[in-house]
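run-v9.txt (compact mmCIF, N, CA and C atoms)
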# COMPACT_ATOMS: atom_id res chain seq x y z
N MET A 1 79.57 74.03 91.98
CA MET A 1 80.88 74.09 92.60
C MET A 1 81.47 75.49 92.42
N LYS A 2 81.90 76.09 93.50
CA LYS A 2 82.44 77.45 93.45
C LYS A 2 83.80 77.44 92.74
N MET A 3 83.97 78.40 91.86
CA MET A 3 85.23 78.49 91.12
C MET A 3 86.35 79.01 92.02
N LYS A 4 87.56 78.58 91.74
CA LYS A 4 88.76 79.16 92.32
C LYS A 4 89.34 80.01 91.20
N GLY A 5 89.09 81.30 91.30
CA GLY A 5 89.56 82.16 90.23
C GLY A 5 89.05 83.57 90.38
N VAL A 6 88.89 84.22 89.23
CA VAL A 6 88.59 85.64 89.22
C VAL A 6 87.50 85.93 88.20
N LEU A 7 86.52 86.73 88.64
CA LEU A 7 85.52 87.27 87.72
C LEU A 7 86.09 88.56 87.15
N LEU A 8 85.99 88.72 85.85
CA LEU A 8 86.61 89.83 85.14
C LEU A 8 85.53 90.70 84.48
N TYR A 9 85.54 91.98 84.78
CA TYR A 9 84.54 92.91 84.26
C TYR A 9 85.21 94.02 83.47
N ASN A 10 84.78 94.21 82.23
CA ASN A 10 85.18 95.36 81.42
C ASN A 10 86.69 95.51 81.27
N ILE A 11 87.41 94.41 81.20
CA ILE A 11 88.86 94.45 81.08
C ILE A 11 89.23 94.58 79.60
N SER A 12 90.12 95.54 79.31
CA SER A 12 90.55 95.75 77.92
C SER A 12 91.25 94.51 77.39
N ALA A 13 91.26 94.35 76.08
CA ALA A 13 91.80 93.14 75.45
C ALA A 13 93.26 92.90 75.82
N ASP A 14 94.09 93.95 75.79
CA ASP A 14 95.51 93.78 76.12
C ASP A 14 95.70 93.36 77.56
N LYS A 15 95.00 94.01 78.45
CA LYS A 15 95.10 93.69 79.87
C LYS A 15 94.54 92.31 80.15
N LEU A 16 93.48 91.94 79.46
CA LEU A 16 92.87 90.62 79.64
C LEU A 16 93.86 89.52 79.28
N LYS A 17 94.63 89.72 78.22
CA LYS A 17 95.65 88.73 77.83
C LYS A 17 96.65 88.54 78.96
N LYS A 18 97.13 89.63 79.53
CA LYS A 18 98.10 89.56 80.62
C LYS A 18 97.50 88.85 81.84
N ILE A 19 96.28 89.20 82.17
CA ILE A 19 95.63 88.59 83.34
C ILE A 19 95.41 87.10 83.11
N ARG A 20 95.02 86.73 81.92
CA ARG A 20 94.81 85.30 81.63
C ARG A 20 96.10 84.50 81.79
N VAL A 21 97.23 85.08 81.40
CA VAL A 21 98.53 84.41 81.57
C VAL A 21 98.82 84.24 83.06
N ILE A 22 98.57 85.28 83.85
CA ILE A 22 98.77 85.21 85.30
C ILE A 22 97.90 84.11 85.90
N LEU A 23 96.62 84.10 85.51
CA LEU A 23 95.70 83.09 86.03
C LEU A 23 96.16 81.68 85.67
N LEU A 24 96.59 81.50 84.44
CA LEU A 24 97.07 80.20 83.98
C LEU A 24 98.27 79.74 84.80
N ARG A 25 99.23 80.65 85.02
CA ARG A 25 100.42 80.32 85.81
C ARG A 25 100.05 79.91 87.24
N LEU A 26 99.00 80.52 87.78
CA LEU A 26 98.60 80.23 89.15
C LEU A 26 97.58 79.09 89.24
N GLY A 27 97.18 78.56 88.09
CA GLY A 27 96.23 77.44 88.06
C GLY A 27 94.82 77.88 88.43
N LEU A 28 94.47 79.10 88.06
CA LEU A 28 93.16 79.66 88.40
C LEU A 28 92.29 79.82 87.17
N GLN A 29 90.99 79.87 87.41
CA GLN A 29 90.04 80.14 86.34
C GLN A 29 89.83 81.65 86.22
N GLY A 30 89.49 82.07 85.03
CA GLY A 30 89.08 83.45 84.79
C GLY A 30 87.76 83.42 84.05
N ARG A 31 86.82 84.24 84.48
CA ARG A 31 85.52 84.27 83.81
C ARG A 31 85.17 85.70 83.48
N VAL A 32 85.05 85.99 82.19
CA VAL A 32 84.63 87.31 81.75
C VAL A 32 83.12 87.43 81.96
N VAL A 33 82.72 88.45 82.67
CA VAL A 33 81.30 88.69 82.94
C VAL A 33 80.82 89.75 81.95
N THR A 34 79.74 89.44 81.25
CA THR A 34 79.20 90.36 80.25
C THR A 34 78.17 91.30 80.89
N PRO A 35 77.95 92.47 80.30
CA PRO A 35 76.95 93.39 80.85
C PRO A 35 75.57 92.76 81.02
N GLU A 36 75.23 91.81 80.18
CA GLU A 36 73.93 91.13 80.31
C GLU A 36 73.83 90.33 81.61
N GLU A 37 74.95 90.02 82.21
CA GLU A 37 74.98 89.23 83.44
C GLU A 37 75.11 90.08 84.70
N PHE A 38 75.20 91.39 84.56
CA PHE A 38 75.45 92.27 85.70
C PHE A 38 74.34 92.21 86.75
N MET A 39 73.14 91.77 86.38
CA MET A 39 72.04 91.72 87.36
C MET A 39 72.02 90.40 88.13
N LEU A 40 72.81 89.43 87.70
CA LEU A 40 72.85 88.13 88.39
C LEU A 40 73.65 88.24 89.68
N PRO A 41 73.34 87.40 90.67
CA PRO A 41 74.14 87.41 91.90
C PRO A 41 75.60 87.06 91.59
N VAL A 42 76.51 87.78 92.20
CA VAL A 42 77.94 87.55 91.99
C VAL A 42 78.29 86.11 92.33
N GLY A 43 77.72 85.59 93.40
CA GLY A 43 77.98 84.21 93.79
C GLY A 43 77.55 83.21 92.73
N GLN A 44 76.46 83.50 92.07
CA GLN A 44 75.99 82.61 90.99
C GLN A 44 77.01 82.61 89.85
N LEU A 45 77.54 83.78 89.52
CA LEU A 45 78.56 83.87 88.47
C LEU A 45 79.81 83.09 88.84
N ALA A 46 80.07 82.97 90.16
CA ALA A 46 81.23 82.23 90.65
C ALA A 46 80.92 80.75 90.84
N GLY A 47 79.71 80.32 90.53
CA GLY A 47 79.39 78.91 90.59
C GLY A 47 78.71 78.45 91.86
N ILE A 48 78.30 79.37 92.72
CA ILE A 48 77.59 78.98 93.93
C ILE A 48 76.14 78.70 93.54
N GLU A 49 75.68 77.53 93.91
CA GLU A 49 74.30 77.15 93.56
C GLU A 49 73.32 77.65 94.60
N GLY A 50 72.08 77.84 94.17
CA GLY A 50 71.01 78.19 95.09
C GLY A 50 70.76 79.67 95.27
N LEU A 51 71.49 80.52 94.54
CA LEU A 51 71.25 81.96 94.62
C LEU A 51 70.25 82.35 93.54
N SER A 52 69.29 83.14 93.91
CA SER A 52 68.22 83.49 92.99
C SER A 52 68.44 84.86 92.36
N PRO A 53 68.39 84.95 91.04
CA PRO A 53 68.51 86.24 90.38
C PRO A 53 67.36 87.19 90.72
N ALA A 54 66.22 86.64 91.14
CA ALA A 54 65.07 87.48 91.45
C ALA A 54 65.38 88.48 92.56
N GLU A 55 66.28 88.12 93.48
CA GLU A 55 66.64 89.01 94.58
C GLU A 55 67.31 90.29 94.10
N THR A 56 68.07 90.20 93.03
CA THR A 56 68.84 91.36 92.57
C THR A 56 68.26 92.01 91.32
N ALA A 57 67.47 91.29 90.58
CA ALA A 57 67.03 91.77 89.27
C ALA A 57 66.24 93.07 89.35
N GLN A 58 65.36 93.22 90.32
CA GLN A 58 64.52 94.41 90.39
C GLN A 58 65.33 95.66 90.71
N GLU A 59 66.23 95.57 91.69
CA GLU A 59 66.97 96.75 92.10
C GLU A 59 67.99 97.20 91.06
N ASP A 60 68.48 96.28 90.23
CA ASP A 60 69.56 96.61 89.32
C ASP A 60 69.23 96.39 87.85
N ALA A 61 67.97 96.24 87.52
CA ALA A 61 67.58 95.95 86.14
C ALA A 61 68.16 97.00 85.19
N GLY A 62 68.92 96.53 84.24
CA GLY A 62 69.46 97.41 83.21
C GLY A 62 70.64 98.26 83.63
N GLU A 63 71.10 98.15 84.88
CA GLU A 63 72.21 98.98 85.32
C GLU A 63 73.53 98.35 84.87
N ALA A 64 74.27 99.10 84.10
CA ALA A 64 75.57 98.64 83.64
C ALA A 64 76.63 99.64 84.11
N PHE A 65 77.88 99.25 84.01
CA PHE A 65 78.98 100.13 84.36
C PHE A 65 80.12 99.84 83.40
N ARG A 66 81.02 100.79 83.29
CA ARG A 66 82.12 100.64 82.33
C ARG A 66 83.48 100.43 82.98
N GLU A 67 83.59 100.73 84.26
CA GLU A 67 84.87 100.61 84.94
C GLU A 67 85.29 99.15 85.03
N GLU A 68 86.60 98.95 85.02
CA GLU A 68 87.14 97.61 85.20
C GLU A 68 86.93 97.18 86.65
N MET A 69 86.69 95.89 86.84
CA MET A 69 86.50 95.36 88.18
C MET A 69 86.91 93.89 88.19
N LEU A 70 87.51 93.46 89.30
CA LEU A 70 87.89 92.07 89.51
C LEU A 70 87.24 91.58 90.79
N VAL A 71 86.73 90.35 90.77
CA VAL A 71 86.22 89.72 91.98
C VAL A 71 86.95 88.40 92.14
N MET A 72 87.72 88.29 93.22
CA MET A 72 88.51 87.10 93.49
C MET A 72 87.68 86.12 94.31
N CYS A 73 87.63 84.89 93.83
CA CYS A 73 86.73 83.88 94.39
C CYS A 73 87.50 82.68 94.93
N ASP A 74 87.38 82.48 96.24
CA ASP A 74 87.90 81.27 96.89
C ASP A 74 89.40 81.07 96.69
N LEU A 75 90.17 82.16 96.78
CA LEU A 75 91.61 82.04 96.63
C LEU A 75 92.27 81.88 98.00
N PRO A 76 93.11 80.87 98.16
CA PRO A 76 93.90 80.77 99.39
C PRO A 76 94.78 82.02 99.53
N SER A 77 95.13 82.39 100.74
CA SER A 77 95.82 83.67 100.96
C SER A 77 97.13 83.77 100.18
N ALA A 78 97.90 82.70 100.08
CA ALA A 78 99.16 82.75 99.34
C ALA A 78 98.91 83.00 97.85
N VAL A 79 97.89 82.37 97.30
CA VAL A 79 97.54 82.55 95.89
C VAL A 79 96.99 83.96 95.66
N PHE A 80 96.17 84.43 96.60
CA PHE A 80 95.64 85.79 96.54
C PHE A 80 96.78 86.79 96.46
N SER A 81 97.76 86.65 97.35
CA SER A 81 98.93 87.56 97.35
C SER A 81 99.72 87.43 96.07
N ALA A 82 99.93 86.21 95.60
CA ALA A 82 100.68 86.00 94.36
C ALA A 82 99.97 86.64 93.17
N PHE A 83 98.65 86.54 93.14
CA PHE A 83 97.87 87.14 92.06
C PHE A 83 98.02 88.67 92.08
N LEU A 84 97.85 89.27 93.25
CA LEU A 84 97.98 90.74 93.34
C LEU A 84 99.40 91.20 92.99
N ASN A 85 100.40 90.46 93.45
CA ASN A 85 101.79 90.80 93.12
C ASN A 85 102.04 90.70 91.62
N ALA A 86 101.51 89.66 91.00
CA ALA A 86 101.68 89.48 89.56
C ALA A 86 100.99 90.60 88.78
N LEU A 87 99.82 91.04 89.25
CA LEU A 87 99.16 92.18 88.60
C LEU A 87 100.07 93.40 88.65
N ARG A 88 100.65 93.68 89.82
CA ARG A 88 101.53 94.84 89.97
C ARG A 88 102.75 94.71 89.06
N GLN A 89 103.39 93.55 89.07
CA GLN A 89 104.59 93.34 88.28
C GLN A 89 104.33 93.49 86.79
N ASN A 90 103.13 93.13 86.35
CA ASN A 90 102.76 93.22 84.94
C ASN A 90 102.05 94.52 84.59
N ARG A 91 102.03 95.44 85.55
CA ARG A 91 101.40 96.76 85.37
C ARG A 91 99.95 96.65 84.91
N CYS A 92 99.22 95.73 85.54
CA CYS A 92 97.79 95.53 85.25
C CYS A 92 97.00 96.21 86.36
N THR A 93 96.83 97.49 86.25
CA THR A 93 96.12 98.24 87.28
C THR A 93 94.62 98.11 87.08
N VAL A 94 93.94 97.66 88.12
CA VAL A 94 92.48 97.61 88.15
C VAL A 94 92.09 98.20 89.51
N ALA A 95 91.44 99.35 89.49
CA ALA A 95 91.15 100.06 90.74
C ALA A 95 90.13 99.33 91.60
N LEU A 96 89.12 98.75 90.98
CA LEU A 96 88.03 98.14 91.75
C LEU A 96 88.24 96.63 91.85
N LYS A 97 88.59 96.19 93.07
CA LYS A 97 88.82 94.77 93.32
C LYS A 97 88.05 94.38 94.57
N ALA A 98 87.53 93.15 94.56
CA ALA A 98 86.81 92.64 95.72
C ALA A 98 87.10 91.16 95.88
N VAL A 99 86.83 90.68 97.08
CA VAL A 99 86.87 89.25 97.37
C VAL A 99 85.42 88.81 97.56
N LEU A 100 85.07 87.68 96.98
CA LEU A 100 83.72 87.15 97.14
C LEU A 100 83.53 86.74 98.60
N THR A 101 82.46 87.26 99.21
CA THR A 101 82.14 86.94 100.61
C THR A 101 80.71 86.44 100.70
N GLN A 102 80.34 85.95 101.88
CA GLN A 102 78.95 85.52 102.08
C GLN A 102 78.01 86.70 101.87
N THR A 103 78.42 87.88 102.28
CA THR A 103 77.57 89.06 102.15
C THR A 103 77.38 89.46 100.71
N ASN A 104 78.48 89.61 99.95
CA ASN A 104 78.34 90.13 98.59
C ASN A 104 77.99 89.05 97.56
N ALA A 105 78.00 87.78 97.95
CA ALA A 105 77.65 86.71 97.01
C ALA A 105 76.22 86.86 96.49
N GLY A 106 75.33 87.40 97.29
CA GLY A 106 73.95 87.58 96.88
C GLY A 106 73.69 88.90 96.16
N TRP A 107 74.68 89.77 96.12
CA TRP A 107 74.53 91.05 95.44
C TRP A 107 74.68 90.87 93.93
N SER A 108 74.09 91.77 93.18
CA SER A 108 74.34 91.81 91.75
C SER A 108 75.72 92.44 91.52
N SER A 109 76.26 92.23 90.34
CA SER A 109 77.53 92.87 89.98
C SER A 109 77.38 94.39 90.02
N ALA A 110 76.21 94.87 89.60
CA ALA A 110 75.95 96.32 89.61
C ALA A 110 76.01 96.87 91.03
N ARG A 111 75.41 96.16 91.99
CA ARG A 111 75.45 96.64 93.38
C ARG A 111 76.88 96.57 93.92
N LEU A 112 77.60 95.48 93.64
CA LEU A 112 78.97 95.37 94.10
C LEU A 112 79.80 96.51 93.53
N HIS A 113 79.60 96.82 92.27
CA HIS A 113 80.31 97.93 91.64
C HIS A 113 80.01 99.24 92.35
N ARG A 114 78.73 99.50 92.64
CA ARG A 114 78.36 100.74 93.36
C ARG A 114 79.07 100.83 94.70
N GLU A 115 79.07 99.73 95.44
CA GLU A 115 79.71 99.71 96.77
C GLU A 115 81.22 99.94 96.65
N LEU A 116 81.87 99.25 95.71
CA LEU A 116 83.31 99.41 95.53
C LEU A 116 83.68 100.80 95.06
N ALA A 117 82.89 101.35 94.12
CA ALA A 117 83.17 102.69 93.62
C ALA A 117 83.05 103.73 94.73
N ALA A 118 82.04 103.59 95.58
CA ALA A 118 81.86 104.53 96.70
C ALA A 118 83.02 104.39 97.68
N GLU A 119 83.42 103.17 97.97
CA GLU A 119 84.55 102.93 98.88
C GLU A 119 85.84 103.49 98.30
N HIS A 120 86.07 103.27 97.02
CA HIS A 120 87.26 103.76 96.34
C HIS A 120 87.30 105.30 96.39
N GLU A 121 86.17 105.92 96.13
CA GLU A 121 86.09 107.39 96.17
C GLU A 121 86.36 107.91 97.59
N ALA A 122 85.81 107.25 98.58
CA ALA A 122 86.03 107.66 99.98
C ALA A 122 87.51 107.55 100.34
N MET A 123 88.16 106.50 99.88
CA MET A 123 89.59 106.34 100.17
C MET A 123 90.41 107.41 99.46
N ARG A 124 90.06 107.72 98.23
CA ARG A 124 90.77 108.80 97.50
C ARG A 124 90.59 110.13 98.20
N ASN A 125 89.38 110.43 98.65
CA ASN A 125 89.13 111.69 99.35
C ASN A 125 89.89 111.74 100.67
N ALA A 126 89.94 110.63 101.38
CA ALA A 126 90.68 110.58 102.64
C ALA A 126 92.17 110.81 102.39
N ALA A 127 92.70 110.22 101.34
CA ALA A 127 94.10 110.39 101.01
C ALA A 127 94.40 111.83 100.63
N LYS A 128 93.49 112.47 99.90
CA LYS A 128 93.65 113.89 99.54
C LYS A 128 93.69 114.76 100.79
N SER A 129 92.80 114.50 101.73
CA SER A 129 92.74 115.34 102.93
C SER A 129 93.98 115.14 103.81
N VAL A 130 94.56 113.94 103.82
CA VAL A 130 95.78 113.71 104.58
C VAL A 130 96.95 114.45 103.93
N HIS A 131 97.02 114.43 102.61
CA HIS A 131 98.12 115.08 101.90
C HIS A 131 98.00 116.59 101.91
N SER A 132 96.80 117.12 102.09
CA SER A 132 96.63 118.58 102.05
C SER A 132 96.88 119.23 103.41
N LYS A 133 97.11 118.43 104.43
CA LYS A 133 97.37 118.99 105.77
C LYS A 133 98.84 119.28 105.99
Please, can you express the file's structure as structure tokens?
Amino acid sequence: MKMKGVLLYNISADKLKKIRVILLRLGLQGRVVTPEEFMLPVGQLAGIEGLSPAETAQEDAGEAFREEMLVMCDLPSAVFSAFLNALRQNRCTVALKAVLTQTNAGWSSARLHRELAAEHEAMRNAAKSVHSK
């Protein structure tokens, strides 16, 4: 059964406490993902059955990352908005955020992190070029 909640990666202890309170208020689950699990399919970590770790293990074996990351799983749009608003109100900044999709459910956490980091960097560069004109 797919979780309704958030996968949590590399979140500091203080921030994790705040996020857990937010999740509790919204009736959501939170699952801390350990570096040992980074090669597993993101969908498997979210409780989707039938995803094979063999698909991701070879490409991402041993790849870890240190940046904070959140993956929101099966959140209705109102709850999604409430969660993001609560993060802002509680000053819980996490730069890398994703929504679990059919496409990324089969990816490892390491691959999702690479994709999000590249996207985040591209957006920062685009913002710099707009401000420098």
Polymer residues at most 8 Å from Phe65 in chain A, only N, CA and C atoms, same-chain spacing of 5 or more positions, as an MDAnalysis selection string: chainID A and resid 9:10 35 38 109:110 113
Atom pair atom C of Pro76 in chain A / atom N of Ile11 in chain A: separation (Å):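 So the two atoms, atom C of Pro76 in chain A and atom N of Ile11 in chain A, lie 23.3 Å apart.
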Distance in Å - CA of Val79 in chain A versus CA of Lys2 in chain A: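 For CA of Val79 in chain A relative to CA of Lys2 in chain A, the distance reads 16.1 Å.
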Between atom N of Glu67 in chain A and atom C of Arg20 in chain A, distance in Å (one decimal):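 Atom N of Glu67 in chain A sits 20.6 Å away from atom C of Arg20 in chain A.
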Closest of A:Glu36, A:Glu115, A:Glu68, A:Glu121 to Leu96 in chain A - atom-to-atom distances counting only C-alpha atoms: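 Residue with the minimum atom-to-atom distance to Leu96 in chain A: A:Glu68.
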Test item, strand (DSSP E or B) assignment across range 3-88 of chain A, answer as a list in words: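 So the strand (DSSP E or B) residues in range 3-88 of chain A would be Gly5, Val6, Leu7, Leu8, Tyr9, Gln29, Gly30, Arg31, Val32, Val33, Pro41, Met69, Leu70, Val71, Met72 and Cys73 of chain A.
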Nearest residue to Leu100 in chain A from the set A:Ala86, A:Gly43, A:Val33, A:Asp14 (distances using all atoms listed in the file):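 Of the candidates, the smallest distance to Leu100 in chain A is held by A:Gly43.
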Give me, as a PDB file with N, CA and C atoms, keeping the file's coordinate frame, all polymer residues having an atom no more than 6.5 Å from Met72 in chain A, counting only N, CA and C atoms and skipping those fewer than 6 positions away in the same chain.
ATOM      1  N   GLY A   5      89.090  81.300  91.300  1.00  0.00           N
ATOM      2  CA  GLY A   5      89.560  82.160  90.230  1.00  0.00           C
ATOM      3  C   GLY A   5      89.050  83.570  90.380  1.00  0.00           C
ATOM      4  N   VAL A   6      88.890  84.220  89.230  1.00  0.00           N
ATOM      5  CA  VAL A   6      88.590  85.640  89.220  1.00  0.00           C
ATOM      6  C   VAL A   6      87.500  85.930  88.200  1.00  0.00           C
ATOM      7  N   LEU A   7      86.520  86.730  88.640  1.00  0.00           N
ATOM      8  CA  LEU A   7      85.520  87.270  87.720  1.00  0.00           C
ATOM      9  C   LEU A   7      86.090  88.560  87.150  1.00  0.00           C
ATOM     10  N   LYS A  97      88.590  96.190  93.070  1.00  0.00           N
ATOM     11  CA  LYS A  97      88.820  94.770  93.320  1.00  0.00           C
ATOM     12  C   LYS A  97      88.050  94.380  94.570  1.00  0.00           C
ATOM     13  N   ALA A  98      87.530  93.150  94.560  1.00  0.00           N
ATOM     14  CA  ALA A  98      86.810  92.640  95.720  1.00  0.00           C
ATOM     15  C   ALA A  98      87.100  91.160  95.880  1.00  0.00           C
ATOM     16  N   VAL A  99      86.830  90.680  97.080  1.00  0.00           N
ATOM     17  CA  VAL A  99      86.870  89.250  97.370  1.00  0.00           C
ATOM     18  C   VAL A  99      85.420  88.810  97.560  1.00  0.00           C
ATOM     19  N   LEU A 100      85.070  87.680  96.980  1.00  0.00           N
ATOM     20  CA  LEU A 100      83.720  87.150  97.140  1.00  0.00           C
ATOM     21  C   LEU A 100      83.530  86.740  98.600  1.00  0.00           C
TER      22      LEU A 100
END
Given all atoms listed in the file as the counted atoms, nearest of A:His120, A:Lys4, A:Arg88, A:Lys15 to Gly30 in chain A: A:Lys4
As lines of an AutoDock Vina configuration file, what would the box around range 108-121 of chain A look like: edges along x, y and z, 5 Å added on every side, centre and edge lengths in Å to one decimal?
center_x = 80.7
center_y = 99.8
center_z = 94.2
size_x = 23.2
size_y = 26.1
size_z = 19.3
Pick from A:Ser108, A:Met123, A:Leu8, A:Gln89 nearest to Met69 in chain A, counting all atoms listed in the file: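 That would be A:Leu8, the residue with the smallest distance to Met69 in chain A.
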Every residue of chain A that DSSP places in alpha helix (DSSP H), as a VMD selection string: chain A and resid 13 to 26 42 to 45 54 to 60 77 to 89 109 to 131
Select all residues near (81.0, 77.6, 90.8) (cut-off 7 Å, inclusive, file coordinates), counting only C-alpha atoms, and output them as a PDB file with N, CA and C atoms, in the frame of the given file.
ATOM      1  N   MET A   1      79.570  74.030  91.980  1.00  0.00           N
ATOM      2  CA  MET A   1      80.880  74.090  92.600  1.00  0.00           C
ATOM      3  C   MET A   1      81.470  75.490  92.420  1.00  0.00           C
ATOM      4  N   LYS A   2      81.900  76.090  93.500  1.00  0.00           N
ATOM      5  CA  LYS A   2      82.440  77.450  93.450  1.00  0.00           C
ATOM      6  C   LYS A   2      83.800  77.440  92.740  1.00  0.00           C
ATOM      7  N   MET A   3      83.970  78.400  91.860  1.00  0.00           N
ATOM      8  CA  MET A   3      85.230  78.490  91.120  1.00  0.00           C
ATOM      9  C   MET A   3      86.350  79.010  92.020  1.00  0.00           C
ATOM     10  N   ALA A  46      80.070  82.970  90.160  1.00  0.00           N
ATOM     11  CA  ALA A  46      81.230  82.230  90.650  1.00  0.00           C
ATOM     12  C   ALA A  46      80.920  80.750  90.840  1.00  0.00           C
ATOM     13  N   GLY A  47      79.710  80.320  90.530  1.00  0.00           N
ATOM     14  CA  GLY A  47      79.390  78.910  90.590  1.00  0.00           C
ATOM     15  C   GLY A  47      78.710  78.450  91.860  1.00  0.00           C
ATOM     16  N   ILE A  48      78.300  79.370  92.720  1.00  0.00           N
ATOM     17  CA  ILE A  48      77.590  78.980  93.930  1.00  0.00           C
ATOM     18  C   ILE A  48      76.140  78.700  93.540  1.00  0.00           C
TER      19      ILE A  48
END
Using only C-alpha atoms: which of A:Val94, A:Met39, A:Leu51, A:Ala117 has the shortest distance to Leu70 in chain A: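 Between A:Val94, A:Met39, A:Leu51, A:Ala117, the residue approaching Leu70 in chain A most closely is A:Val94.
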Best match for closeness to Leu40 in chain A among A:Arg114, A:Phe83, A:Cys73, A:Ser52, counting only N, CA and C atoms: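 The shortest atom-to-atom distance to Leu40 in chain A comes from A:Ser52.
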